[in-house]
Amino acid sequence: MKKIINPWTGIEGYMCFGCSPQNTSGFHMEFYEDGEDIVAFWSPESHYQRWLNTLHGSIQATLMDELAGWVIVRKLQTSGVTSKMEVKYLKSISTLEPRLTICGRIKDRKRNAIFIETEIYNPVGEVCSRAELVYFKMIIRIMSYYKFWI
């Protein structure tokens with residue numbers, strides 16, 4: 001697994017809720033490339049709950065949406081915007097879990113529409129949430145400016 005370097009870290013005004021280390025309210029997600037998958041690990045906290053010790057569904061959706069964006073960044077070396085997202089909540093996630101695994105990959109491409117599948121796994125490897133997303137690819141070249149992985 002190769003760590004993906006976040007090229008925007010340190011840029012003034014960069015406050016992405018999902019991945020900016022400077023955003024004190026954000027998730028501070030870091031990403032790794034594992035074959036065709038992009039992977040992130042994240043530890044839930046109690047202030048992200050919906051019901052007692054249960055991770056809010058919108059937080060789960062945000063984690064998967066953020067990861068899908070990084071699939072575009074790494075695999076297509078550009079950026080994109082979410083056009084559509086369908087989430088299936090399969091198993092509740094406890095905010096007491098020590099670490100979740102979020103992963104995703106490109107499933108299909110049709111011109112500028114990129115079809116991405118993501119999942120959230122609990123520590124015992126059960127799929128708790130799954131999302132199918134459609135991203136519209138933007139025409140910018142990121143990789144020519146930054147080194148993304150070590």
# chains A, B, ... in the order shown; residues from 1 in each chain; ligands from 1
>>> closest_atom_pairs(of="segment 66-150 of chain A", to="segment 24-35 of chain A", cutoff="10 Å", atoms="only C-alpha atoms", output="CSV")
residue,atom,partner,partner_atom,distance
A:Glu66,CA,A:Met29,CA,8.6
A:Leu67,CA,A:Phe31,CA,7.9
A:Trp70,CA,A:Phe31,CA,7.6
A:Val71,CA,A:Glu33,CA,9.0
A:Arg74,CA,A:Glu33,CA,8.1
A:Lys75,CA,A:Glu33,CA,9.1
A:Ile102,CA,A:Phe31,CA,9.4
A:Cys103,CA,A:Tyr32,CA,9.3
A:Arg105,CA,A:Gly35,CA,9.5
A:Trp149,CA,A:Tyr32,CA,8.4
>>> residues_around(residues="Trp51 of chain A", least_positions_apart="5", cutoff="10 Å", atoms="only C-alpha atoms", output="PDB file with N, CA and C atoms, in the first residue's frame")
ATOM      1  N   SER A  46     -17.514  10.396  19.305  1.00  0.00           N
ATOM      2  CA  SER A  46     -18.891  10.486  19.803  1.00  0.00           C
ATOM      3  C   SER A  46     -19.670  11.668  19.229  1.00  0.00           C
ATOM      4  N   HIS A  56     -23.598   8.623  12.548  1.00  0.00           N
ATOM      5  CA  HIS A  56     -24.627   9.263  11.734  1.00  0.00           C
ATOM      6  C   HIS A  56     -24.454   8.871  10.265  1.00  0.00           C
ATOM      7  N   SER A  94     -20.755   1.600  15.163  1.00  0.00           N
ATOM      8  CA  SER A  94     -20.611   2.178  16.494  1.00  0.00           C
ATOM      9  C   SER A  94     -19.545   3.271  16.484  1.00  0.00           C
ATOM     10  N   THR A  95     -19.822   4.359  17.185  1.00  0.00           N
ATOM     11  CA  THR A  95     -18.813   5.407  17.340  1.00  0.00           C
ATOM     12  C   THR A  95     -17.715   4.976  18.311  1.00  0.00           C
TER      13      THR A  95
END
>>> residues_around(residues="segment 115-129 of chain A", least_positions_apart="6", cutoff="10 Å", atoms="only C-alpha atoms", output="VMD selection string")
chain A and resid 37 to 42 57 60 to 61 63 to 65 67 to 69 71 to 72 84 to 94 97 to 109 135 to 136
>>> select_by_dssp(residues="segment 3-57 of chain A", states="strand (DSSP E)", output="PyMOL selection string")
chain A and resi 3-4+31-34+37-42+49-51+54-55
>>> atom_distance(atom1="atom CA of Cys19 of chain A", atom2="atom CA of Thr62 of chain A")
11.1 Å
>>> closest_residue(among="A:Val81, A:Met15, A:Ala131, A:Ile139", to="Ser58 of chain A", atoms="only C-alpha atoms")
A:Ala131
>>> select_by_dssp(residues="chain A", states="alpha helix (DSSP H)", output="compact mmCIF listing (two decimals) with C-alpha atoms, in the first residue's frame")
# COMPACT_ATOMS: atom_id res chain seq x y z
CA GLY A 57 -25.52 8.20 8.19
CA SER A 58 -24.56 11.58 6.74
CA ILE A 59 -21.07 11.17 8.20
CA GLN A 60 -20.80 7.77 6.52
CA ALA A 61 -21.91 9.30 3.21
CA THR A 62 -19.37 12.11 3.56
CA LEU A 63 -16.55 9.63 4.21
CA MET A 64 -17.42 7.66 1.07
CA ASP A 65 -17.89 10.81 -1.05
CA GLU A 66 -14.50 12.16 0.04
CA LEU A 67 -12.83 8.86 -0.76
CA ALA A 68 -14.46 8.81 -4.21
CA GLY A 69 -12.99 12.24 -4.89
CA TRP A 70 -9.54 10.86 -4.12
CA VAL A 71 -10.17 7.94 -6.48
CA ILE A 72 -10.53 10.57 -9.24
CA VAL A 73 -7.45 12.49 -8.06
CA ARG A 74 -5.18 9.46 -7.95
CA LYS A 75 -6.46 7.20 -10.69
CA LEU A 76 -7.34 9.84 -13.29
>>> atom_distance(atom1="atom CA of Ala113 of chain A", atom2="atom CA of Ile5 of chain A")
25.1 Å
>>> atom_distance(atom1="atom CA of Lys110 of chain A", atom2="atom CA of Met138 of chain A")
13.5 Å
